[in-house]
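Following: one structure in structure tokens, then a few remarks.
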Amino acid sequence: MFVAAYLAATASVAHSDLGVQSLVLVAAVFGILAISLDLVAGMLGLYSLGQGGFFAIGAYFTTIVVNTLGWNSFLVLLMVLLIAGLIGLAVGAMSLRVSGLYFAITSFIFTLVLTVLATDLKITGGLQGLLGPAFPDFPEGLDALGTPVAWCVMLALLLCVGFVWSIRKSPLYPVLLSIRDAERFAEAAGVRTSLIKIGVFGVSAAMAGGAGWLFAFLGVVSPGQFDWAVSLNILVMVLIGGINTTLGPVIGAAFVSMFPALVNINPWLQEMAYGALSILAVTLLPGGVMSLLKRVSAFGEGAAPEPAIAAVDRTEAPVEASVFRKFASRSAGAAQAAGPEPEYAVECRGVRFTYGTGLMVLRNVDLAVRRGDIHGLIGPNGSGKSTLANVIAGRLQPLSGATLIKGVRVDGASPSKRAKLGMRRTFQAAELVRELTPIQNVMVGLFTLKPRIIPRAPFWPFLPSGRRDLAWMEGRSREALEMVGAGAWVGRAVGDVPHGVEQLTQLASVCVAGPDIIVLDEPATGLSAREVDHLAGILSELKAQGVTMIIIEHQTRFLFPLCDRVTVLNAGEVILTGTADEVRAHPVVRQVYLGE
Amino acid sequence: MLQFVVSGVAIGAVYGLIGMALAITFYVTRIINFAQGQMMMATVMVTAEISAAGYPTWAAALLGLACACILGVLSYLVAVRPILALNRFSFGWLVSTLGFAVILENAAAYIWGPTSQAFPPLLQATSFHLFDAVLTGQQLLAIVTAAVLTAGFELVRRGTLFGKIGMATAADPEMATAVGVNTTVVAIVAFAASALYAGVAGLLIGPTTFANPYLGDTFGTFGFIAMMIGGGTEKPIAAMFGGLLLGLCAEGANAMINSQASDWFPFLVLVVVLIVSPRGLFSAGSLFGLRARAVAPAQA
């Protein structure tokens, strides 16, 4: 129905006069550009001002090659997508070196440089620019449809909208948002964040290059149409329309690009009105037009009754062993075939680490965690517990020493590589995507379990396998959340749930993948006594399923009954490793940590 | 040979002042004010207008600076404060400061028309000889003013309590408020000071460029490049060094390649600098970024 209406509108545009056509088609091209920017800025949080540059590359390449070499326009499209995509991969790779504002600046300079090149090189026609090529005509029978270029542009826009809509409905979406808001969490779940960032950036650049290809057929191609002001305008379009929404960028593009035609006064006053409007839009409506529409539609339906805040007592439900068996260590069965399991799940030998200030934070730390054990790690603040956890998880690289997971040396491996070996970890301050629900956050933990999610993402709602896999992932996430006792909160956004539920969500996201080893960094922080008991029950059940755990904690009353062995750190050195009773009785430990 | 060094340093001083203006704003609020170039333009236009009306040059200059300061504070209250109040890490200011710049530039074009007007000379047309180079009085004034203002800023930043408050407000405004700092006042003073620096740059370059509403674009861009090359996002004084380097590069390119080279050569320098040292040449090595990666190499 929506598609039918859209096609009808396209037909009318294809038959209208040049003025209307030009207005609508330019707006549509900018709609595609805005969508390409939203892909990186809205979903990945990479504010790039480089769309103008890729747009320029597409337009100039098309114009020069089609006009001077006479190649087939559609062949040139493929080349443009490839070239813009490759350059996009290179620029995206820069985002790994510089983050946030600096990346915006770097991409801004990329566009600046391209504009200067376009102005000064002879082949690009200097400031005057070049006249774009003519779009190939329809074959004989289809002439009745009207101007071919109009159909091409509008169909391309529909394709891009569909592309982005499909990604939003796929499991890739929570993963992209987690890279934006909680990158460490995504990496710890096994997501290869760097590759995804670069890849998505390349796709966005290819899209912008494609928009340039379309633009070349609409008229003149000159540097003034691709400079940094245009890049910034595209960002304005995204922000005004609604960042991280499917239709927002298109609405924003329509508004910004048609504004001069609608407000036909003195050009200087017109610009001033535009400036004032953009300030108002961004200060009054940070969520853009789409947020306004959402509010209006919610108002129209009448406020949906707020689900009664379920009593926190729900977390008291007895922990069922049968549910846990579902998430049992995946390799428990597979390993039997592979040969004898290594005795130690995690080992550190002679690990030394410094943050670079000269102070040795970890001095020759030896740690041996037996398979199936719960191994506690205690010590005063500043003793290096979290640092050691980060070294084991792969976030920090030690100065010297070896780290082994299941007998395999993992010294330089990234957190996502270690996740492949069956290790997961939690963070002291839960890193989750606040605007998504707990189910969606937990789904990030399942990303590595289903094959080919990324290639399927652009078509997801249309693929039967997609619908099947999504249902499985949602079901499994829901079960994991119920298992940890957060079942009552699955529908709320994480930003709205209490702290205890955030911790449980984190735990669920870790358990859902059936890990062999879990590193927990102060899991009881901020939990009430009842919640702490519940957590202890969950961890005991996990151990019964064969999961090895390393737990950093200050709450010794919670920790000691759970642990098989405890390691005590003080000032970066291991004082003692032994059973809970041995540790409790040791004089040095009492002196530096437990108190006499 | 010495000639381009001398003129490079002189123009570099102007770029450096604008770069510092951007850096001072960034120092206290962590945003880049796209309207900074327009503050400079406003000073130039107002000074030209008032001087043409018959008033003495010094009065016109003071009024021009005052106008820039007012616009600076306005840009904070209208375009920056509402955005930061909502979300400290949002990028909405990219849009709102740009919108403000667009308003200022087109207002100026509307009021004065798009063509250039005369700007009063600040000094008599004197010139000095330094070995085989010629230095005009205007250029010498630019260098001296820049030196004074740069040194002054550093003194205030490091020596006075106000400077420290500025640093605190930038690092964590909520915490600063909790210890009794009025972050609004601090930000207003910072924006006014930035506008002042930009305005002074305008007064120094006005006699050469004349009064034109589109000055803000060009000089704003160069000031921005100066700040990025120097690393002024971490220490405002680095923006001045960046500006001097930029001026030298631009004039050097002019002298040694061809007279159009100063259009593109600075960008080449900027790209090289950013690839080699993304935080600028004179910045510290530590990671800054709004979303800094946690993986840190163990080596010092």
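Order determines the names: the first chain of the structure tokens is A, the second B, and so forth; residues in each chain are numbered 1 upward, and ligands are numbered 1 upward as they are shown.
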**OP:** Compute the set of chain A residues within 7 Å of chain B, using only C-alpha atoms, and express it as a list in words.
**Re:** Val98, Ser99, Gly100, Leu101, Tyr102, Val113, Val116, Val236, Trp268, Glu271, Met272, Gly275, Ala276, Ser278, Ile279, Val282, Thr283, Phe353, Thr354, Tyr355, Gly356, Thr357, Arg395, Leu396, Gln397, Pro398 and Leu399 of chain A
I need the residues from that last selection saved to file as a short mmCIF file (atom, residue, chain, number, x, y, z; two decimals), in the first residue's frame (with C-alpha atoms), if you can.
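Below is the file that was written, selection-v5.cif:
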```
data_model
loop_
_atom_site.label_atom_id
_atom_site.label_comp_id
_atom_site.auth_asym_id
_atom_site.auth_seq_id
_atom_site.Cartn_x
_atom_site.Cartn_y
_atom_site.Cartn_z
CA VAL A 98 40.55 9.25 16.23
CA SER A 99 37.17 9.29 17.87
CA GLY A 100 34.23 11.61 18.32
CA LEU A 101 34.90 15.21 17.51
CA TYR A 102 38.29 14.55 15.96
CA VAL A 113 40.48 18.81 0.30
CA VAL A 116 39.85 22.36 -3.35
CA VAL A 236 21.36 19.40 9.54
CA TRP A 268 19.72 37.06 2.34
CA GLU A 271 19.22 32.39 4.47
CA MET A 272 18.70 34.11 7.79
CA GLY A 275 19.68 29.71 9.96
CA ALA A 276 17.12 30.66 12.57
CA SER A 278 17.88 25.23 12.06
CA ILE A 279 18.84 26.65 15.45
CA VAL A 282 17.99 21.58 17.00
CA THR A 283 17.39 23.28 20.34
CA PHE A 353 51.54 -4.29 33.55
CA THR A 354 51.86 -0.54 33.80
CA TYR A 355 49.62 2.26 32.57
CA GLY A 356 52.66 4.21 31.52
CA THR A 357 53.05 6.49 34.51
CA ARG A 395 41.26 -5.08 26.93
CA LEU A 396 44.80 -4.38 28.12
CA GLN A 397 48.09 -5.81 26.85
CA PRO A 398 50.62 -6.69 29.55
CA LEU A 399 54.21 -5.57 29.47
#
```
**OP:** Write out as a ChimeraX atom specification the residues lying within 12 Å of Val200 (chain B), counting only C-alpha atoms and excluding same-chain residues fewer than 4 positions away.
**Re:** /B:13-18,20-21,37,39-44,47,61-69,122,141-143,145-146,148-149,193-196,204-206
Store the residues picked out above, limited to N, CA and C atoms, as a CSV table (one decimal), in the first residue's frame.
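Dumped to result34.csv:
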```csv
chain,number,residue,atom,x,y,z
B,13,ALA,N,50.2,35.5,12.5
B,13,ALA,CA,49.7,36.0,13.7
B,13,ALA,C,48.2,36.2,13.7
B,14,VAL,N,47.7,36.7,12.6
B,14,VAL,CA,46.3,36.9,12.5
B,14,VAL,C,45.5,35.6,12.5
B,15,TYR,N,46.0,34.6,11.7
B,15,TYR,CA,45.3,33.3,11.8
B,15,TYR,C,45.4,32.7,13.2
B,16,GLY,N,46.5,32.9,13.8
B,16,GLY,CA,46.7,32.4,15.1
B,16,GLY,C,45.7,33.0,16.1
B,17,LEU,N,45.4,34.3,16.0
B,17,LEU,CA,44.5,34.9,16.9
B,17,LEU,C,43.1,34.3,16.7
B,18,ILE,N,42.7,34.1,15.5
B,18,ILE,CA,41.4,33.5,15.2
B,18,ILE,C,41.4,32.0,15.7
B,20,MET,N,43.1,30.9,18.2
B,20,MET,CA,43.0,31.0,19.6
B,20,MET,C,41.6,31.3,20.1
B,21,ALA,N,40.9,32.2,19.3
B,21,ALA,CA,39.6,32.5,19.6
B,21,ALA,C,38.7,31.2,19.7
B,37,GLY,N,34.3,33.2,12.9
B,37,GLY,CA,34.8,34.0,11.8
B,37,GLY,C,33.9,35.2,11.6
B,39,MET,N,32.4,36.8,14.0
B,39,MET,CA,32.7,37.8,15.0
B,39,MET,C,33.7,38.8,14.4
B,40,MET,N,34.7,38.2,13.8
B,40,MET,CA,35.8,39.0,13.2
B,40,MET,C,35.2,39.9,12.2
B,41,MET,N,34.3,39.3,11.3
B,41,MET,CA,33.7,40.1,10.3
B,41,MET,C,32.9,41.3,10.8
B,42,ALA,N,32.2,41.0,11.9
B,42,ALA,CA,31.3,42.0,12.5
B,42,ALA,C,32.2,43.2,13.0
B,43,THR,N,33.3,42.9,13.6
B,43,THR,CA,34.2,44.0,14.1
B,43,THR,C,34.6,44.8,12.9
B,44,VAL,N,35.0,44.1,11.8
B,44,VAL,CA,35.5,44.9,10.6
B,44,VAL,C,34.4,45.7,10.0
B,47,THR,N,33.4,48.7,12.5
B,47,THR,CA,34.5,49.7,12.5
B,47,THR,C,34.5,50.5,11.3
B,61,ALA,N,37.0,51.4,16.4
B,61,ALA,CA,37.6,50.1,16.7
B,61,ALA,C,37.0,49.6,18.0
B,62,LEU,N,36.9,50.4,19.0
B,62,LEU,CA,36.3,50.0,20.3
B,62,LEU,C,34.9,49.5,20.2
B,63,LEU,N,34.1,50.3,19.4
B,63,LEU,CA,32.7,49.8,19.2
B,63,LEU,C,32.7,48.5,18.4
B,64,GLY,N,33.6,48.4,17.4
B,64,GLY,CA,33.6,47.1,16.7
B,64,GLY,C,33.9,46.0,17.6
B,65,LEU,N,34.9,46.1,18.5
B,65,LEU,CA,35.2,45.0,19.4
B,65,LEU,C,34.0,44.7,20.3
B,66,ALA,N,33.4,45.8,20.8
B,66,ALA,CA,32.2,45.6,21.7
B,66,ALA,C,31.1,44.8,21.0
B,67,CYS,N,30.9,45.2,19.8
B,67,CYS,CA,29.9,44.5,19.0
B,67,CYS,C,30.2,43.0,18.9
B,68,ALA,N,31.5,42.7,18.6
B,68,ALA,CA,31.9,41.3,18.5
B,68,ALA,C,31.6,40.6,19.8
B,69,CYS,N,32.0,41.2,20.9
B,69,CYS,CA,31.8,40.6,22.2
B,69,CYS,C,30.3,40.3,22.5
B,122,LEU,N,44.9,51.8,10.5
B,122,LEU,CA,45.2,52.0,11.9
B,122,LEU,C,46.5,52.7,12.2
B,141,LEU,N,52.6,45.6,13.9
B,141,LEU,CA,51.5,45.7,14.9
B,141,LEU,C,50.8,44.3,15.1
B,142,ALA,N,50.6,43.6,14.0
B,142,ALA,CA,49.9,42.3,14.1
B,142,ALA,C,50.8,41.4,15.0
B,143,ILE,N,52.1,41.3,14.7
B,143,ILE,CA,52.9,40.4,15.4
B,143,ILE,C,53.0,40.7,16.9
B,145,THR,N,50.9,42.5,18.7
B,145,THR,CA,49.6,42.3,19.4
B,145,THR,C,49.3,40.8,19.7
B,146,ALA,N,49.6,40.0,18.7
B,146,ALA,CA,49.4,38.6,18.9
B,146,ALA,C,50.3,38.1,20.0
B,148,VAL,N,51.4,39.7,22.6
B,148,VAL,CA,50.9,40.2,23.9
B,148,VAL,C,49.7,39.4,24.3
B,149,LEU,N,48.7,39.3,23.4
B,149,LEU,CA,47.5,38.6,23.7
B,149,LEU,C,47.7,37.1,24.1
B,193,ALA,N,35.7,36.6,25.5
B,193,ALA,CA,37.1,36.7,25.3
B,193,ALA,C,37.4,36.2,23.9
B,194,SER,N,36.8,35.1,23.5
B,194,SER,CA,37.0,34.6,22.1
B,194,SER,C,36.7,35.6,21.1
B,195,ALA,N,35.5,36.2,21.3
B,195,ALA,CA,35.1,37.2,20.3
B,195,ALA,C,36.0,38.4,20.2
B,196,LEU,N,36.6,38.7,21.4
B,196,LEU,CA,37.6,39.8,21.5
B,196,LEU,C,38.8,39.5,20.6
B,204,LEU,N,43.3,44.0,12.8
B,204,LEU,CA,44.7,43.9,12.3
B,204,LEU,C,44.7,43.7,10.8
B,205,ILE,N,43.7,42.9,10.3
B,205,ILE,CA,43.7,42.5,8.9
B,205,ILE,C,42.8,43.4,8.0
B,206,GLY,N,42.0,44.2,8.7
B,206,GLY,CA,41.0,45.0,8.0
B,206,GLY,C,41.6,45.9,6.9
```
**OP:** For Pro236 (chain B), work out the shell of residues within 6 Å, counting only C-alpha atoms and skipping chain neighbours fewer than 4 positions away, then give it as a ChimeraX atom specification.
**Re:** /B:20,23-24,232
Residue subset to file, keeping C-alpha atoms, as a short mmCIF file (atom, residue, chain, number, x, y, z; two decimals), in the first residue's frame:
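Everything below was put into part-v6.cif:
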```cif
data_model
loop_
_atom_site.label_atom_id
_atom_site.label_comp_id
_atom_site.auth_asym_id
_atom_site.auth_seq_id
_atom_site.Cartn_x
_atom_site.Cartn_y
_atom_site.Cartn_z
CA MET B 20 43.03 31.01 19.62
CA ALA B 23 40.43 27.34 21.04
CA ILE B 24 39.35 29.47 23.99
CA GLY B 232 44.82 24.10 20.02
#
```
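Shortest separation to Val26 (chain A) among A:Gln225, A:Thr437, A:Ser166, A:Thr548 occurs at residue A:Gln225, atoms counted being only C-alpha atoms.
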Name all residues at most 12 Å from Asn390 (chain A) (count only C-alpha atoms; drop same-chain ones fewer than 6 positions away) and give them as an mmCIF file with N, CA and C atoms, in the first residue's frame.
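Written output follows (around-v2.cif):
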```cif
data_model
loop_
_atom_site.group_PDB
_atom_site.id
_atom_site.type_symbol
_atom_site.label_atom_id
_atom_site.label_comp_id
_atom_site.auth_asym_id
_atom_site.auth_seq_id
_atom_site.Cartn_x
_atom_site.Cartn_y
_atom_site.Cartn_z
ATOM 1 N N ARG A 184 32.677 -1.559 24.512
ATOM 2 C CA ARG A 184 33.401 -2.603 25.247
ATOM 3 C C ARG A 184 32.510 -3.833 25.437
ATOM 4 N N ALA A 188 33.283 -7.548 24.067
ATOM 5 C CA ALA A 188 33.345 -8.672 24.994
ATOM 6 C C ALA A 188 32.380 -9.773 24.596
ATOM 7 N N PHE A 353 52.282 -5.318 34.300
ATOM 8 C CA PHE A 353 51.542 -4.290 33.554
ATOM 9 C C PHE A 353 51.738 -2.923 34.188
ATOM 10 N N LEU A 362 50.760 -4.251 37.948
ATOM 11 C CA LEU A 362 50.740 -5.684 38.201
ATOM 12 C C LEU A 362 52.192 -6.151 38.184
ATOM 13 N N GLY A 384 44.913 -3.729 41.746
ATOM 14 C CA GLY A 384 45.128 -4.237 40.402
ATOM 15 C C GLY A 384 44.139 -5.308 39.975
ATOM 16 N N LEU A 396 43.481 -4.980 27.893
ATOM 17 C CA LEU A 396 44.798 -4.378 28.118
ATOM 18 C C LEU A 396 45.873 -5.398 27.764
ATOM 19 N N GLN A 397 46.987 -4.907 27.194
ATOM 20 C CA GLN A 397 48.085 -5.806 26.852
ATOM 21 C C GLN A 397 49.177 -5.675 27.898
ATOM 22 N N PRO A 398 49.592 -6.784 28.499
ATOM 23 C CA PRO A 398 50.617 -6.693 29.549
ATOM 24 C C PRO A 398 51.986 -6.381 28.982
ATOM 25 N N THR A 403 49.340 -15.081 29.009
ATOM 26 C CA THR A 403 47.961 -15.363 29.417
ATOM 27 C C THR A 403 47.475 -16.527 28.578
ATOM 28 N N SER A 414 42.476 -9.922 20.731
ATOM 29 C CA SER A 414 41.486 -8.921 21.123
ATOM 30 C C SER A 414 40.370 -9.592 21.923
ATOM 31 N N PRO A 415 39.565 -8.767 22.615
ATOM 32 C CA PRO A 415 38.467 -9.363 23.398
ATOM 33 C C PRO A 415 37.535 -10.217 22.528
ATOM 34 N N ARG A 418 38.960 -13.618 22.058
ATOM 35 C CA ARG A 418 38.871 -14.452 23.258
ATOM 36 C C ARG A 418 37.452 -14.927 23.476
ATOM 37 N N ARG A 424 33.472 -14.910 28.345
ATOM 38 C CA ARG A 424 32.653 -13.712 28.375
ATOM 39 C C ARG A 424 32.972 -12.956 29.651
ATOM 40 N N ARG A 425 32.604 -11.659 29.685
ATOM 41 C CA ARG A 425 32.862 -10.919 30.915
ATOM 42 C C ARG A 425 31.763 -9.902 31.174
ATOM 43 N N THR A 426 31.618 -9.505 32.419
ATOM 44 C CA THR A 426 30.709 -8.413 32.750
ATOM 45 C C THR A 426 31.539 -7.232 33.227
ATOM 46 N N PHE A 427 30.917 -6.057 33.233
ATOM 47 C CA PHE A 427 31.604 -4.838 33.646
ATOM 48 C C PHE A 427 31.024 -4.347 34.964
ATOM 49 N N GLN A 428 31.858 -3.666 35.717
ATOM 50 C CA GLN A 428 31.411 -3.189 37.015
ATOM 51 C C GLN A 428 30.231 -2.231 36.859
ATOM 52 N N VAL A 519 34.174 -13.910 33.349
ATOM 53 C CA VAL A 519 34.874 -13.036 34.283
ATOM 54 C C VAL A 519 33.872 -12.001 34.756
ATOM 55 N N LEU A 520 33.635 -11.953 36.064
ATOM 56 C CA LEU A 520 32.640 -11.011 36.593
ATOM 57 C C LEU A 520 33.355 -9.939 37.401
ATOM 58 N N ASP A 521 33.206 -8.681 36.999
ATOM 59 C CA ASP A 521 33.869 -7.582 37.688
ATOM 60 C C ASP A 521 32.882 -6.926 38.652
ATOM 61 N N ILE A 550 35.527 -16.384 37.192
ATOM 62 C CA ILE A 550 36.481 -15.572 37.958
ATOM 63 C C ILE A 550 35.690 -14.374 38.453
ATOM 64 N N ILE A 552 35.559 -10.910 40.739
ATOM 65 C CA ILE A 552 36.189 -9.860 41.536
ATOM 66 C C ILE A 552 35.102 -9.300 42.441
ATOM 67 N N ALA B 294 39.343 1.952 25.056
ATOM 68 C CA ALA B 294 39.942 1.592 26.337
ATOM 69 C C ALA B 294 41.229 0.809 26.183
ATOM 70 N N VAL B 295 41.443 0.197 24.995
ATOM 71 C CA VAL B 295 42.643 -0.634 24.878
ATOM 72 C C VAL B 295 43.868 0.257 24.862
ATOM 73 N N ALA B 296 44.687 0.123 25.872
ATOM 74 C CA ALA B 296 45.855 1.001 25.966
ATOM 75 C C ALA B 296 47.119 0.162 25.864
#
```
**OP:** Can you list, as a list in words, all residues belonging to region 377-448 of chain A that DSSP tags as helix (DSSP H, G or I)?
**Re:** Lys385, Ser386, Thr387, Leu388, Ala389, Asn390, Val391, Ile392, Ala393, Pro415, Ser416, Lys417, Arg418, Ala419, Lys420, Pro438, Ile439, Gln440, Asn441, Val442, Met443, Val444, Phe447 and Thr448 of chain A
Subject >> Residue contacts of Thr63 (chain A) (7 Å, only C-alpha atoms) excluding same-chain residues fewer than 6 positions away, as a PyMOL selection string >> reply: chain A and resi 132-133+216
May I have the residues from that selection written out with N, CA and C atoms, as a PDB file, in the first residue's frame?
```pdb
ATOM      1  N   GLY A 132      26.636  17.866 -16.616  1.00  0.00           N
ATOM      2  CA  GLY A 132      26.446  16.437 -16.392  1.00  0.00           C
ATOM      3  C   GLY A 132      25.964  15.718 -17.633  1.00  0.00           C
ATOM      4  N   PRO A 133      26.138  14.401 -17.673  1.00  0.00           N
ATOM      5  CA  PRO A 133      25.713  13.622 -18.833  1.00  0.00           C
ATOM      6  C   PRO A 133      24.192  13.513 -18.887  1.00  0.00           C
ATOM      7  N   ALA A 216      24.606  13.666 -11.064  1.00  0.00           N
ATOM      8  CA  ALA A 216      25.273  14.113 -12.283  1.00  0.00           C
ATOM      9  C   ALA A 216      24.292  14.250 -13.447  1.00  0.00           C
TER      10      ALA A 216
END
```
Hey, what's within 9 Å of Val6 (chain B) if we count only C-alpha atoms and toss same-chain stuff fewer than 3 positions away? As a CSV table (one decimal) with N, CA and C atoms, in the first residue's frame, please?
```
chain,number,residue,atom,x,y,z
B,2,LEU,N,63.9,36.0,3.2
B,2,LEU,CA,63.4,36.4,4.5
B,2,LEU,C,62.1,37.1,4.4
B,3,GLN,N,61.8,37.6,3.2
B,3,GLN,CA,60.5,38.3,3.0
B,3,GLN,C,59.3,37.5,3.3
B,9,VAL,N,54.9,35.3,9.1
B,9,VAL,CA,54.7,35.4,10.5
B,9,VAL,C,53.6,36.4,10.8
B,10,ALA,N,53.6,37.5,10.0
B,10,ALA,CA,52.6,38.6,10.2
B,10,ALA,C,51.2,38.0,9.9
B,11,ILE,N,51.0,37.4,8.8
B,11,ILE,CA,49.6,36.9,8.5
B,11,ILE,C,49.3,35.7,9.4
B,130,LEU,N,64.2,45.0,7.6
B,130,LEU,CA,64.9,44.0,8.4
B,130,LEU,C,65.8,43.2,7.4
B,133,ALA,N,64.3,42.3,4.0
B,133,ALA,CA,62.9,42.2,3.9
B,133,ALA,C,62.2,43.5,4.4
B,134,VAL,N,61.0,43.7,3.9
B,134,VAL,CA,60.3,44.9,4.3
B,134,VAL,C,59.1,44.5,5.2
B,135,LEU,N,59.0,45.3,6.2
B,135,LEU,CA,57.9,45.0,7.2
B,135,LEU,C,57.1,46.2,7.4
B,139,GLN,N,52.0,45.1,9.8
B,139,GLN,CA,52.4,43.8,10.0
B,139,GLN,C,53.1,43.7,11.4
B,248,LEU,N,53.4,30.8,7.6
B,248,LEU,CA,54.7,30.6,7.0
B,248,LEU,C,54.5,29.7,5.7
```
**OP:** Compile the contact shell of Asp373 (chain A) as a list in words: residues with an atom at most 8 Å away, counting only C-alpha atoms, same-chain residues fewer than 3 positions apart removed.
**Re:** Val369, Arg370, Lys543, Val547, Thr548, Met549, Cys563, Asp564 and Arg565 of chain A
Only C-alpha atoms, please: the residues just picked out, written as an mmCIF file, in the first residue's frame.
```cif
data_model
loop_
_atom_site.group_PDB
_atom_site.id
_atom_site.type_symbol
_atom_site.label_atom_id
_atom_site.label_comp_id
_atom_site.auth_asym_id
_atom_site.auth_seq_id
_atom_site.Cartn_x
_atom_site.Cartn_y
_atom_site.Cartn_z
ATOM 1 C CA VAL A 369 41.999 -21.037 37.545
ATOM 2 C CA ARG A 370 40.936 -24.662 37.480
ATOM 3 C CA LYS A 543 28.855 -23.731 38.232
ATOM 4 C CA VAL A 547 30.984 -22.935 33.812
ATOM 5 C CA THR A 548 34.293 -21.637 35.154
ATOM 6 C CA MET A 549 34.037 -18.229 36.809
ATOM 7 C CA CYS A 563 34.427 -19.804 45.816
ATOM 8 C CA ASP A 564 36.513 -22.900 45.474
ATOM 9 C CA ARG A 565 39.700 -20.871 45.521
#
```
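Among the candidate residues B:Pro121, B:Gly180, B:Gly72, B:Gly137, the one lying nearest to Ile165 (chain B) is B:Gly180, with distances computed using only C-alpha atoms.
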Original post:
Do you have the CA of Leu117 (chain A)-CA of Val256 (chain A) distance handy?
Top reply: 26.9 Å
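As for CA of Gly19 (chain A) and CA of Leu77 (chain A), they are spaced 25.6 Å apart.
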**OP:** Find the residue from A:Ser170, A:Tyr6, A:Ala205, A:Pro136 that sits nearest to Ala84 (chain A); use only C-alpha atoms when measuring.
**Re:** A:Ala205
Original post:
Which value, in Å to one decimal, gives the distance between CA of Asp227 (chain A) and CA of Gly212 (chain A)?
Top reply: 13.1 Å
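Between Ser75 (chain B) and the residues B:Thr57, B:Asn182, B:Gln38, B:Ser116, the shortest atom-to-atom distance, using only C-alpha atoms, involves B:Gln38.
DSSP on the backbone gives strand (DSSP E) for these parts of region 127-234 of chain B: Ser127, Phe128, His129, Leu130, Ala133, Val134, Leu135 and Thr136 of chain B.
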